[in-house]
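Dumped query14.cif below, it's mmCIF, C-alpha atoms:
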data_model
#
loop_
_atom_site.label_atom_id
_atom_site.label_comp_id
_atom_site.auth_asym_id
_atom_site.auth_seq_id
_atom_site.Cartn_x
_atom_site.Cartn_y
_atom_site.Cartn_z
CA MET A 1 75.01 -1.27 -26.65
CA ALA A 2 72.63 -4.02 -27.59
CA ASP A 3 68.98 -3.32 -28.33
CA PRO A 4 66.47 -3.89 -25.51
CA MET A 5 64.77 -7.26 -25.01
CA LYS A 6 61.03 -7.66 -25.51
CA ILE A 7 59.62 -9.35 -22.42
CA ARG A 8 56.09 -10.59 -21.80
CA ALA A 9 55.12 -12.26 -18.53
CA ASN A 10 51.62 -13.49 -17.82
CA VAL A 11 50.02 -15.47 -15.01
CA VAL A 12 48.64 -18.77 -16.36
CA GLY A 13 46.85 -20.78 -13.65
CA ASP A 14 49.23 -21.27 -10.73
CA SER A 15 52.35 -20.37 -12.69
CA THR A 16 53.83 -17.53 -14.71
CA GLU A 17 54.67 -17.83 -18.38
CA VAL A 18 57.59 -15.69 -19.51
CA LYS A 19 58.34 -15.01 -23.17
CA VAL A 20 61.41 -13.05 -24.12
CA LEU A 21 62.95 -11.95 -27.39
CA MET A 22 66.61 -10.94 -27.38
CA SER A 23 68.45 -8.99 -30.03
CA HIS A 24 71.78 -10.71 -30.69
CA GLU A 25 73.89 -11.80 -33.66
CA MET A 26 74.66 -15.26 -32.16
CA GLU A 27 77.67 -15.84 -34.44
CA THR A 28 78.70 -19.48 -34.31
CA GLY A 29 82.36 -19.05 -35.21
CA GLN A 30 81.82 -21.48 -38.11
CA ARG A 31 80.93 -18.97 -40.80
CA LYS A 32 83.27 -17.19 -43.17
CA ASP A 33 82.89 -13.69 -44.56
CA ALA A 34 83.13 -12.63 -48.23
CA GLN A 35 86.95 -12.55 -47.98
CA GLY A 36 87.04 -16.13 -46.66
CA LYS A 37 88.05 -15.10 -43.16
CA THR A 38 86.38 -16.82 -40.23
CA ILE A 39 83.84 -14.63 -38.47
CA PRO A 40 84.72 -14.93 -34.77
CA ALA A 41 82.23 -16.61 -32.47
CA TRP A 42 79.99 -14.23 -30.55
CA PHE A 43 77.00 -15.58 -28.73
CA ILE A 44 75.02 -15.32 -25.52
CA GLN A 45 76.55 -17.67 -22.95
CA ASN A 46 74.47 -17.14 -19.89
CA VAL A 47 70.87 -16.12 -19.26
CA THR A 48 69.52 -15.52 -15.78
CA VAL A 49 65.98 -14.66 -14.79
CA ALA A 50 64.98 -13.38 -11.37
CA HIS A 51 61.47 -13.04 -9.98
CA ASN A 52 61.37 -10.27 -7.34
CA GLY A 53 65.12 -10.69 -6.94
CA LYS A 54 65.01 -14.49 -6.54
CA PRO A 55 66.57 -16.53 -9.38
CA VAL A 56 64.08 -18.76 -11.24
CA LEU A 57 66.13 -19.70 -14.31
CA ASN A 58 69.80 -19.95 -15.13
CA ALA A 59 70.64 -21.16 -18.63
CA GLN A 60 73.98 -21.83 -20.27
CA TRP A 61 73.77 -21.29 -24.01
CA GLY A 62 76.08 -22.15 -26.85
CA PRO A 63 76.46 -21.29 -30.53
CA ALA A 64 73.56 -23.58 -31.58
CA ILE A 65 70.96 -21.04 -30.46
CA ALA A 66 69.46 -18.96 -33.29
CA LYS A 67 70.08 -15.32 -34.04
CA ASN A 68 67.67 -13.00 -32.20
CA PRO A 69 66.72 -15.80 -29.78
CA PHE A 70 63.24 -16.38 -28.43
CA LEU A 71 62.94 -18.02 -25.01
CA SER A 72 59.72 -19.16 -23.40
CA PHE A 73 59.40 -20.85 -19.98
CA LYS A 74 57.10 -21.19 -16.99
CA PHE A 75 57.77 -21.08 -13.28
CA LYS A 76 55.53 -21.83 -10.32
CA GLY A 77 54.16 -18.82 -8.50
CA GLY A 78 54.33 -15.17 -9.43
CA ALA A 79 51.52 -12.64 -9.19
CA LYS A 80 50.36 -9.63 -11.17
CA GLY A 81 52.65 -6.66 -10.58
CA ASP A 82 55.69 -8.75 -9.62
CA LYS A 83 59.01 -7.82 -11.17
CA ILE A 84 60.87 -10.03 -13.65
CA GLU A 85 64.50 -9.21 -14.35
CA ILE A 86 66.38 -10.87 -17.20
CA THR A 87 70.11 -10.64 -17.85
CA TRP A 88 72.22 -12.11 -20.60
CA VAL A 89 76.00 -12.20 -20.82
CA ASP A 90 77.69 -12.99 -24.12
CA SER A 91 81.06 -14.48 -25.06
CA ARG A 92 82.61 -10.99 -25.31
CA GLY A 93 81.56 -10.22 -21.76
CA GLU A 94 78.92 -7.74 -22.92
CA LYS A 95 75.69 -7.88 -20.96
CA ARG A 96 72.23 -6.47 -20.98
CA THR A 97 69.53 -6.42 -18.31
CA ASP A 98 65.87 -5.64 -18.86
CA GLU A 99 62.87 -5.66 -16.57
CA ALA A 100 59.19 -6.36 -16.95
CA VAL A 101 56.14 -6.51 -14.74
CA ILE A 102 53.92 -9.59 -14.67
CA ALA A 103 50.54 -8.89 -16.27
CA MET B 1 60.12 -26.47 -19.22
CA MET B 2 62.21 -24.40 -21.56
CA ARG B 3 61.69 -23.82 -25.25
CA VAL B 4 64.30 -22.13 -27.39
CA ARG B 5 64.20 -21.37 -31.07
CA ARG B 6 67.17 -22.95 -32.76
CA GLY B 7 68.67 -22.31 -36.16
CA VAL B 8 66.72 -22.84 -39.34
CA ALA B 9 68.95 -25.59 -40.67
CA PRO B 10 67.43 -28.64 -38.92
CA VAL B 11 63.91 -27.76 -39.99
CA ALA B 12 64.95 -27.08 -43.56
CA ALA B 13 66.83 -30.36 -43.63
CA PHE B 14 63.77 -32.15 -42.32
CA VAL B 15 61.57 -30.68 -45.03
CA LEU B 16 64.08 -31.62 -47.70
CA ALA B 17 64.35 -35.14 -46.32
CA LEU B 18 60.60 -35.41 -46.45
CA VAL B 19 60.55 -34.51 -50.10
CA SER B 20 63.29 -36.88 -51.15
CA ALA B 21 61.68 -39.72 -49.16
CA PHE B 22 58.58 -39.35 -51.30
CA GLY B 23 60.68 -38.43 -54.31
CA ALA B 24 58.83 -40.42 -56.96
CA PRO B 25 55.26 -39.07 -56.61
CA ALA B 26 56.25 -35.42 -56.62
CA VAL B 27 52.81 -33.91 -56.09
CA PRO B 28 51.89 -35.41 -52.68
CA ALA B 29 55.43 -34.76 -51.45
CA GLN B 30 55.09 -31.14 -52.35
CA GLY B 31 51.79 -30.99 -50.48
CA ASN B 32 53.43 -32.42 -47.37
CA ALA B 33 56.32 -30.01 -47.58
CA VAL B 34 53.97 -27.06 -47.94
CA ASP B 35 52.04 -28.24 -44.86
CA GLU B 36 55.28 -28.61 -42.94
CA ILE B 37 56.37 -25.10 -43.90
CA ALA B 38 52.98 -23.76 -42.78
CA LYS B 39 53.42 -25.56 -39.41
CA TYR B 40 56.92 -24.16 -39.14
CA ARG B 41 55.63 -20.63 -39.70
CA ALA B 42 52.88 -21.10 -37.12
CA ALA B 43 55.43 -22.34 -34.56
CA LEU B 44 57.54 -19.25 -35.12
CA GLN B 45 54.66 -16.75 -35.04
CA ASP B 46 54.89 -16.53 -31.26
CA GLY B 47 57.97 -14.51 -30.49
CA ASN B 48 58.49 -12.99 -33.92
CA PRO B 49 61.84 -11.13 -33.86
CA ALA B 50 60.19 -8.50 -36.13
CA GLU B 51 59.05 -7.01 -32.81
CA LEU B 52 62.67 -6.01 -32.17
CA TRP B 53 62.59 -3.92 -35.36
CA GLU B 54 59.19 -2.46 -34.46
CA ALA B 55 60.51 -1.38 -31.06
CA ARG B 56 63.67 0.12 -32.55
CA GLY B 57 61.63 1.96 -35.20
CA ALA B 58 59.19 3.36 -32.62
CA ASP B 59 62.14 4.63 -30.61
CA LEU B 60 63.92 6.14 -33.65
CA TRP B 61 60.67 7.80 -34.76
CA LYS B 62 60.64 9.89 -31.56
CA GLN B 63 64.36 10.69 -31.53
CA LYS B 64 65.51 14.18 -32.53
CA ARG B 65 67.84 13.60 -35.46
CA GLY B 66 69.40 15.28 -38.49
CA PRO B 67 70.69 18.84 -39.02
CA LYS B 68 67.40 20.30 -37.73
CA THR B 69 67.38 17.99 -34.65
CA ALA B 70 63.73 17.15 -35.17
CA SER B 71 61.83 13.90 -34.72
CA LEU B 72 59.55 12.30 -37.30
CA GLU B 73 56.53 12.58 -35.00
CA GLN B 74 55.02 15.36 -37.15
CA CYS B 75 55.49 13.38 -40.38
CA ASP B 76 52.28 13.40 -42.45
CA LEU B 77 51.78 9.89 -43.81
CA GLY B 78 48.52 10.91 -45.47
CA LEU B 79 46.14 11.00 -42.50
CA GLY B 80 47.51 14.28 -41.12
CA PRO B 81 50.72 15.19 -39.25
CA GLY B 82 51.48 12.78 -36.43
CA VAL B 83 48.93 10.11 -37.43
CA VAL B 84 50.65 6.76 -37.88
CA LYS B 85 47.78 4.43 -36.98
CA GLY B 86 46.23 2.95 -40.12
CA ALA B 87 48.33 5.11 -42.47
CA TYR B 88 50.09 2.22 -44.21
CA ALA B 89 46.80 0.60 -45.29
CA ARG B 90 46.14 3.66 -47.50
CA LEU B 91 49.57 3.92 -49.11
CA PRO B 92 50.76 4.59 -51.78
CA ARG B 93 48.74 7.77 -52.34
CA TYR B 94 48.97 11.19 -53.93
CA PHE B 95 50.50 13.91 -51.73
CA ALA B 96 49.65 17.47 -52.74
CA ASP B 97 52.68 18.99 -50.95
CA ALA B 98 55.07 16.88 -53.05
CA ASP B 99 52.75 16.78 -56.11
CA ARG B 100 53.52 13.11 -56.55
CA VAL B 101 52.32 9.65 -55.61
CA MET B 102 54.44 8.27 -52.77
CA ASP B 103 54.80 4.92 -51.07
CA LEU B 104 55.78 4.61 -47.41
CA GLU B 105 59.55 4.66 -47.94
CA THR B 106 59.39 7.64 -50.28
CA ARG B 107 57.23 9.52 -47.78
CA ILE B 108 59.64 8.76 -44.92
CA VAL B 109 62.50 10.09 -47.09
CA TRP B 110 60.38 13.20 -47.74
CA CYS B 111 59.86 13.70 -43.98
CA MET B 112 63.55 13.11 -43.23
CA VAL B 113 64.38 15.85 -45.76
CA THR B 114 61.67 18.39 -44.88
CA LEU B 115 61.46 17.87 -41.09
CA GLN B 116 64.94 16.70 -40.13
CA GLY B 117 66.97 18.51 -42.80
CA PHE B 118 68.78 15.45 -44.19
CA SER B 119 69.90 15.64 -47.81
CA GLU B 120 67.83 13.43 -50.08
CA ALA B 121 70.90 11.30 -50.88
CA ASP B 122 71.58 10.71 -47.17
CA ALA B 123 67.95 9.85 -46.44
CA LYS B 124 67.92 7.26 -49.25
CA LYS B 125 71.26 5.70 -48.35
CA GLY B 126 71.37 1.99 -47.48
CA PRO B 127 67.66 1.19 -47.25
CA PHE B 128 68.26 -2.53 -46.61
CA GLY B 129 70.16 -3.93 -43.65
CA GLY B 130 72.90 -6.53 -43.93
CA PRO B 131 74.94 -8.81 -41.68
CA ASP B 132 77.05 -6.00 -40.25
CA ARG B 133 74.73 -3.03 -40.58
CA LYS B 134 71.22 -2.30 -39.36
CA ALA B 135 69.15 -0.08 -41.66
CA ASP B 136 67.10 2.64 -39.98
CA MET B 137 64.66 2.60 -42.90
CA GLU B 138 63.66 -1.01 -42.18
CA ALA B 139 63.06 -0.12 -38.53
CA TYR B 140 60.86 2.84 -39.53
CA VAL B 141 58.93 0.61 -41.93
CA ALA B 142 58.48 -2.08 -39.26
CA TYR B 143 57.11 0.47 -36.81
CA VAL B 144 54.74 2.23 -39.22
CA THR B 145 53.39 -1.00 -40.74
CA SER B 146 52.83 -2.51 -37.28
CA GLU B 147 50.50 0.41 -36.55
CA SER B 148 48.24 -0.77 -39.39
CA ARG B 149 47.91 -4.37 -38.23
CA GLY B 150 44.29 -5.44 -38.55
CA VAL B 151 43.34 -2.41 -40.67
CA LYS B 152 41.65 -3.15 -44.02
CA MET B 153 43.73 -2.25 -47.08
CA ASN B 154 42.09 0.75 -48.70
CA VAL B 155 44.25 2.26 -51.47
CA ALA B 156 42.41 4.90 -53.46
CA LEU B 157 42.62 5.66 -57.18
CA ASP B 158 40.97 9.08 -56.98
CA HIS B 159 43.68 11.40 -58.21
CA PRO B 160 44.75 11.20 -61.89
CA LYS B 161 48.36 10.62 -60.78
CA GLU B 162 47.25 7.67 -58.64
CA ARG B 163 45.51 6.13 -61.64
CA GLU B 164 48.57 6.82 -63.77
CA ALA B 165 50.83 5.08 -61.23
CA TYR B 166 48.50 2.08 -61.11
CA ARG B 167 48.48 1.77 -64.92
CA LEU B 168 52.27 2.03 -65.07
CA GLY B 169 52.60 -0.59 -62.33
CA GLU B 170 50.26 -2.94 -64.18
CA LYS B 171 52.31 -2.51 -67.35
CA MET B 172 55.51 -3.27 -65.46
CA PHE B 173 53.97 -6.38 -63.93
CA TYR B 174 53.29 -7.87 -67.36
CA PHE B 175 56.40 -6.47 -69.09
CA ARG B 176 58.78 -9.19 -70.26
CA GLY B 177 62.48 -8.44 -70.45
CA GLY B 178 65.97 -9.20 -69.24
CA THR B 179 68.21 -12.13 -70.12
CA HIS B 180 65.50 -14.64 -69.12
CA ASP B 181 62.65 -12.84 -70.91
CA PHE B 182 60.78 -12.83 -67.60
CA ALA B 183 57.91 -10.71 -66.37
CA CYS B 184 56.57 -10.60 -62.81
CA ALA B 185 53.58 -12.42 -64.31
CA THR B 186 55.77 -15.32 -65.47
CA CYS B 187 56.00 -16.56 -61.87
CA HIS B 188 53.06 -14.74 -60.30
CA GLY B 189 50.37 -15.08 -62.98
CA GLU B 190 49.26 -18.68 -62.40
CA ASP B 191 48.26 -20.85 -59.44
CA GLY B 192 50.61 -23.53 -58.13
CA LYS B 193 53.93 -22.06 -59.27
CA ARG B 194 56.92 -22.31 -57.02
CA ILE B 195 60.63 -21.61 -56.74
CA ARG B 196 62.25 -24.65 -55.13
CA LEU B 197 59.89 -25.31 -52.19
CA GLN B 198 58.41 -21.85 -51.91
CA ASP B 199 54.94 -21.64 -53.42
CA LEU B 200 54.47 -18.36 -55.20
CA PRO B 201 51.29 -16.32 -54.84
CA ASN B 202 49.21 -15.73 -57.94
CA LEU B 203 49.12 -11.95 -57.88
CA THR B 204 46.56 -11.69 -60.68
CA GLN B 205 43.90 -13.17 -58.36
CA THR B 206 42.47 -11.16 -55.48
CA ALA B 207 43.16 -13.82 -52.83
CA GLY B 208 46.80 -14.23 -53.86
CA ALA B 209 47.43 -10.51 -54.14
CA GLN B 210 45.87 -9.90 -50.72
CA LYS B 211 47.78 -12.66 -48.97
CA ALA B 212 51.10 -11.56 -50.47
CA TYR B 213 50.81 -7.83 -49.86
CA THR B 214 49.41 -8.03 -46.33
CA THR B 215 52.21 -10.31 -45.04
CA TRP B 216 55.15 -8.01 -45.82
CA PRO B 217 57.29 -6.77 -44.12
CA ALA B 218 58.40 -10.03 -42.57
CA TYR B 219 61.25 -11.37 -40.50
CA ARG B 220 63.15 -13.77 -42.74
CA VAL B 221 64.46 -16.50 -40.45
CA SER B 222 66.95 -17.69 -43.06
CA GLN B 223 68.49 -14.21 -43.21
CA GLY B 224 67.95 -13.10 -39.63
CA GLU B 225 66.67 -9.79 -40.96
CA LEU B 226 63.40 -7.94 -41.23
CA ARG B 227 62.60 -7.49 -44.91
CA SER B 228 60.20 -4.90 -46.29
CA PHE B 229 57.88 -5.16 -49.29
CA GLN B 230 60.31 -2.81 -51.03
CA TRP B 231 63.07 -5.36 -50.47
CA ARG B 232 60.79 -8.10 -51.87
CA LEU B 233 60.36 -6.13 -55.10
CA ASN B 234 64.11 -5.52 -55.39
CA ASP B 235 64.86 -9.19 -54.85
CA CYS B 236 62.26 -10.22 -57.45
CA PHE B 237 63.99 -7.89 -59.91
CA ARG B 238 67.34 -9.49 -59.08
CA GLN B 239 65.89 -12.97 -59.58
CA GLN B 240 64.48 -11.88 -62.94
CA ARG B 241 67.91 -10.50 -63.91
CA PHE B 242 66.33 -7.08 -64.36
CA PRO B 243 68.28 -3.87 -63.76
CA GLU B 244 68.17 -2.87 -60.12
CA LEU B 245 64.91 -1.21 -59.10
CA VAL B 246 65.91 2.31 -57.99
CA PHE B 247 64.82 2.97 -54.40
CA ALA B 248 61.97 5.52 -54.15
CA SER B 249 61.78 5.87 -57.96
CA ASP B 250 58.51 6.39 -59.85
CA ALA B 251 58.79 2.86 -61.25
CA SER B 252 59.17 1.37 -57.78
CA ILE B 253 56.21 3.38 -56.45
CA ALA B 254 54.05 2.44 -59.47
CA LEU B 255 54.63 -1.30 -59.02
CA THR B 256 53.92 -0.97 -55.29
CA MET B 257 50.74 0.95 -56.15
CA PHE B 258 49.54 -1.79 -58.50
CA LEU B 259 50.12 -4.56 -55.93
CA ALA B 260 48.83 -2.58 -52.93
CA ARG B 261 45.62 -1.59 -54.69
CA ASN B 262 44.98 -5.20 -55.71
CA ALA B 263 45.10 -6.16 -52.02
CA ASN B 264 42.24 -3.78 -51.15
CA GLY B 265 39.67 -5.23 -48.76
CA ALA B 266 42.00 -7.56 -46.88
CA ALA B 267 43.11 -6.86 -43.30
CA PHE B 268 46.77 -5.95 -43.12
CA ASP B 269 48.65 -8.56 -41.07
CA ALA B 270 52.34 -7.71 -40.79
CA PRO B 271 55.18 -7.54 -39.79
CA ALA B 272 54.94 -11.28 -40.25
CA ILE B 273 57.47 -14.10 -40.18
CA LYS B 274 58.68 -16.16 -43.12
CA ARG B 275 61.10 -19.07 -43.35
#
Take the structure in the file and write it out as structure tokens.
Amino acid sequence: MADPMKIRANVVGDSTEVKVLMSHEMETGQRKDAQGKTIPAWFIQNVTVAHNGKPVLNAQWGPAIAKNPFLSFKFKGGAKGDKIEITWVDSRGEKRTDEAVIA
Amino acid sequence: MMRVRRGVAPVAAFVLALVSAFGAPAVPAQGNAVDEIAKYRAALQDGNPAELWEARGADLWKQKRGPKTASLEQCDLGLGPGVVKGAYARLPRYFADADRVMDLETRIVWCMVTLQGFSEADAKKGPFGGPDRKADMEAYVAYVTSESRGVKMNVALDHPKEREAYRLGEKMFYFRGGTHDFACATCHGEDGKRIRLQDLPNLTQTAGAQKAYTTWPAYRVSQGELRSFQWRLNDCFRQQRFPELVFASDASIALTMFLARNANGAAFDAPAIKR
């Protein structure tokens, strides 16, 4: 099971700024290990963010995203106390969902 | 608007390109590169993955583990059992129960043995994480150090054993040896030294010693790992072609003591982020 995400969500003016750190290896499939064998690709492919159940972001990621990715974005609306739910799915089909409350 | 941190390679390539473009007058090029690295660090400060280690360490700290199924919550880091806040800013220090000067890692090993019932060998095993293995010790260190963020470094030299450790550490810092006849002071005893593009702190000056000590542990972007001050010492020894610094040994604690004490007065500011 992957480690939890760190999520911060704050109201800035008329929008909400969301900052999220994810714990993931993000293997590109280009690297080789000490024995010279290719390390298989393993990366987050899809990230979805919902605000009170309504999707506000859907991102398709590839192997060019860094290890332990940091994602920051804004969306219009959102109020203190609202729920933010973030889910990622990686290329092995593993997924993780974490929640945060807008501050 | 979406912003995503990408791999380190493009930035590194950019910095290198910058240097070669100004190849002939080396000094201004170096200045530019140093500025660019500083900007790069500032850009990464927001969303430091070190927080993932801090969170994992805080969680592990409370978990009941080991043969005695106990947590580390009652571990005495020098300010009394259970007090983590500000403890790192006063380490290493003399502990009467162990009758020895201990740094943070040594003290955590002590707590894992006395509270959780681990054998000393098990508690000391694999202190540094790698590509396929996360080290619990680094998570503990990330958590405990994060609880001292903003606290002024205040390492005492009251007990005779503390003074002895400091003197031994000082001696080690200036001791030349190995195949390269290097001492720590060879690279860290003068201003303006660097290895490739990394400027090295002058640890014989207060400002340099403070800046260096208070910014470890740090998330190393190029390694994708959180690295502790202990790891920094071990890697310096490797780069000097010295024998490996034994984890939690008196020598390791003494050198940490010397460098921690010299950082006294500065606010601790880690876990940080480095290229």
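Those residues returned by the PyMOL selection byres ((chain A) within 9 of (chain B)) for this file are Asp3, Pro4, Met5, Lys6, Lys19, Val20, Leu21, Met22, Ser23, Glu25, Ala64, Ile65, Ala66, Lys67, Asn68, Pro69, Phe70, Leu71, Ser72, Phe73, Lys74 and Phe75 of chain A.
With distances restricted to all atoms listed in the file, B:Thr186 is the closest residue to Thr204 (chain B) from B:Thr186, B:Thr256, B:Ser146, B:Ser119.
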Rounded to one decimal place, report the CA of Pro271 (chain B)-CA of Asp136 (chain B) distance in Å. 15.7 Å
Which residues are near region 78-87 of chain B? Cut-off 7 Å, all atoms listed in the file, ignore same chain within fewer than 5 positions. Put them as number ranges by chain. B: 73, 144, 147-148, 151
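With CA of Ile37 (chain B) on one side and CA of Ala185 (chain B) on the other, the separation reads 24.2 Å.
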Evaluate the PyMOL selection byres ((chain B and resi 90-99) around 10) and report residues as number ranges by chain: B: 76-79, 86-89, 100-107, 110, 148, 151-163, 165-166, 253-254, 256-258, 260-261, 264
Report the residues retrieved by the PyMOL selection byres ((chain B and resi 203) around 12) from the displayed file, expressed as a PyMOL selection string. chain B and resi 170+173-174+184-193+200-202+204-213+258-263
Do you know which residues are at most 8 Å from Glu138 (chain B) counting all atoms listed in the file, after dropping those on the same chain fewer than 2 positions away, and could you put them as a ChimeraX atom specification? /B:53,57,127-129,135-136,140-142,226-228
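Note that CA of Lys274 (chain B) and CA of Ile195 (chain B) are 14.8 Å apart.
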Show me the residues close to (80.1, -11.1, -20.3) - anything with an atom within 12 Å, counting all atoms listed in the file - and format the list as a VMD selection string. chain A and resid 42 to 47 87 to 97
Test item: axis-aligned box, all listed atoms of region 56-68 of chain A, 3 Å on each side, centre and edges in Å rounded to one decimal, as AutoDock Vina command-line options:
--center_x 70.3 --center_y -18.3 --center_z -22.6 --size_x 18.4 --size_y 16.6 --size_z 28.8
If you count all atoms listed in the file, which residues fall within 10 Å of Ile84 (chain A), apart from same-chain ones fewer than 2 positions away, as an mmCIF file with C-alpha atoms, keeping the file's coordinate frame?
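Result went into result37.cif, see below:
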data_model
loop_
_atom_site.group_PDB
_atom_site.id
_atom_site.type_symbol
_atom_site.label_atom_id
_atom_site.label_comp_id
_atom_site.auth_asym_id
_atom_site.auth_seq_id
_atom_site.Cartn_x
_atom_site.Cartn_y
_atom_site.Cartn_z
ATOM 1 C CA ILE A 7 59.620 -9.350 -22.420
ATOM 2 C CA ARG A 8 56.090 -10.590 -21.800
ATOM 3 C CA ALA A 9 55.120 -12.260 -18.530
ATOM 4 C CA VAL A 18 57.590 -15.690 -19.510
ATOM 5 C CA VAL A 49 65.980 -14.660 -14.790
ATOM 6 C CA ALA A 50 64.980 -13.380 -11.370
ATOM 7 C CA HIS A 51 61.470 -13.040 -9.980
ATOM 8 C CA ASN A 52 61.370 -10.270 -7.340
ATOM 9 C CA GLY A 53 65.120 -10.690 -6.940
ATOM 10 C CA LYS A 54 65.010 -14.490 -6.540
ATOM 11 C CA PRO A 55 66.570 -16.530 -9.380
ATOM 12 C CA VAL A 56 64.080 -18.760 -11.240
ATOM 13 C CA GLY A 78 54.330 -15.170 -9.430
ATOM 14 C CA GLY A 81 52.650 -6.660 -10.580
ATOM 15 C CA ASP A 82 55.690 -8.750 -9.620
ATOM 16 C CA ILE A 86 66.380 -10.870 -17.200
ATOM 17 C CA ASP A 98 65.870 -5.640 -18.860
ATOM 18 C CA GLU A 99 62.870 -5.660 -16.570
ATOM 19 C CA ALA A 100 59.190 -6.360 -16.950
ATOM 20 C CA VAL A 101 56.140 -6.510 -14.740
ATOM 21 C CA ILE A 102 53.920 -9.590 -14.670
#
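The smallest atom-to-atom distance between Leu168 (chain B) and any of B:Ala248, B:Gly130, B:Leu255, B:Lys62, using all atoms listed in the file, is found for B:Leu255.
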If we count only C-alpha atoms and set the cut-off at 12 Å, which residues sit around Thr38 (chain A), ignoring sequence neighbours fewer than 6 positions away in its own chain? Please answer as an MDAnalysis selection string. chainID A and resid 27:32
Output the selection as a compact mmCIF listing (two decimals), in the coordinates of the input - C-alpha atoms for each residue.
# COMPACT_ATOMS: atom_id res chain seq x y z
CA GLU A 27 77.67 -15.84 -34.44
CA THR A 28 78.70 -19.48 -34.31
CA GLY A 29 82.36 -19.05 -35.21
CA GLN A 30 81.82 -21.48 -38.11
CA ARG A 31 80.93 -18.97 -40.80
CA LYS A 32 83.27 -17.19 -43.17
